[in-house]
Amino acid sequence: MSVPKFTTLGCRLNAYETEAMKELSQQAGLENAVVVNTCAVTAEAVRKARQEIRKLRRENPDARLIVTGCAAQTEPETFTKMDEVDAVIGNTEKMQPETWTGMAADFIGESEAVQVDDIMSVTETAGHLIDGFGTRSRAYVQVQNGCDHRCTFCIIPYGRGNSRSVPAGVVVDQIKRLVDRGYNEVVLTGVDLTSWGADLPATPQLGDLVMRILRLVPDLPRLRISSIDSIEVDENLMMAIATETRLMPHLHLSLQHGDNLILKRMKRRHLRDDAIQFAEEAQKLRPDMTFGADIIAGFPTETEAHFENSLKLVTDCNLTWLHVFPYSKRTGTPAAKIPSQINGNIIKDRAARLRTAGDAQVQRHLQAQLNKTHHILMENPHMGRTEQFTEVKFADPQAEGHIVSALITGIDGNQLTA
């Protein structure tokens, strides 16, 4: 019999949780199953999930097909109605050993076909930890889950529940294990990372966690932070940016828009000038700092003038790596009820213009790296990433997982060459 096959859609946190589910399902003895870990961030993500499920059913006609993840949590009935699907599991249930034990025992007879409880009642982050995944060079550590904010475009809090944090001691212990296993870089990940600690005793903040990791795990060469909300950044995190060279100079910012009126309609907690001020301060403290950012094109009521403010934000914040999201109407969100929805062709055009602006910023960044020496973490023998997460291509093979020092000699597309 074969071990379960897993397909992951969506974010890095989903990928992390897929690795945990692999371990749980194998420990339970689940066989001949296909598991789809879905994303719900846009309506398009749900459509792709359904498409993937149909494809996997055609490829695996005799396997048990299990659907989980954020889309399964927010709209279980969508997947329950699909003939291809045998079971639907919520985001809490997917991280519980007993769920997989029940699935393995007698998939149809003893397990409930739909196991999706109220995620808003969950008060703890799942303690199931994995010892890295993906390449042998970089490991991801989930330190937080859920979100207490209610941005009007976002369905994710209803898929992930309220914010909850993994205690600092647990995080540090896991990172020590990862370093002992040879990982040279650890990435802290979560749904709303800068809310880490608000539910813990003494309400520590993300900067406290970062400083504690760097102090207690001195052998960790590189620590990286995934997406953050810049308005929530605390003093200790700014101090770490300024003083800790092992904290990588790359931050992905949850900006979403560059116009104040649209930001208010999105129920974001920052204004345009807040984003610009943070970017300027971070780059003053760390001149080699680079930024990625999420930006939505075509939010309801967005005029051309509103959009131009987003376009200008790309250079005003000196953004490099853009994640551009064409606005997608999500049933169950306040934004879906706004009457002034934007024409799909206009949304597509604005998203393309944002991507073009982002591409220009990438090329500026790459040009600025020429003839500089970088410390590059090798993801495979011919490709690694700089401290700013820029890809570097090597003609001569390097040791995978190692950090190599190399002079940047050229540019190939969106990659540097050494």
# chains A, B, ... in the order shown; residues from 1 in each chain; ligands from 1
>>> residues_around(residues="range 4-9 of chain A", least_positions_apart="5", cutoff="12 Å", atoms="only C-alpha atoms", output="ChimeraX atom specification")
/A:14-42,44-53,55-57,59-60,63-72,100,103-104
>>> residues_around(residues="range 155-168 of chain A", least_positions_apart="2", cutoff="8 Å", atoms="only C-alpha atoms", output="ChimeraX atom specification")
/A:40-41,69-71,73-74,91,119-125,127,142-150,153,170-172,192,195-200,209,212,330,332-333
>>> residues_around(residues="Asp274 in chain A", least_positions_apart="6", cutoff="10 Å", atoms="only C-alpha atoms", output="short mmCIF file (atom, residue, chain, number, x, y, z; two decimals) with N, CA and C atoms, in the first residue's frame")
data_model
loop_
_atom_site.label_atom_id
_atom_site.label_comp_id
_atom_site.auth_asym_id
_atom_site.auth_seq_id
_atom_site.Cartn_x
_atom_site.Cartn_y
_atom_site.Cartn_z
N SER A 230 3.65 46.45 9.38
CA SER A 230 4.65 47.43 9.85
C SER A 230 4.14 48.32 10.98
N ILE A 231 2.83 48.56 11.04
CA ILE A 231 2.28 49.42 12.08
C ILE A 231 2.40 48.78 13.47
N GLU A 280 11.47 54.11 5.54
CA GLU A 280 12.62 55.03 5.63
C GLU A 280 13.44 54.75 6.90
#
>>> closest_residue(among="A:Asp229, A:Glu93, A:Asp288, A:Glu77", to="Phe389 in chain A", atoms="only C-alpha atoms")
A:Asp288
>>> select_by_dssp(residues="range 212-329 of chain A", states="strand (DSSP E)", output="PyMOL selection string")
chain A and resi 222-225+250-256+290-297+319-326
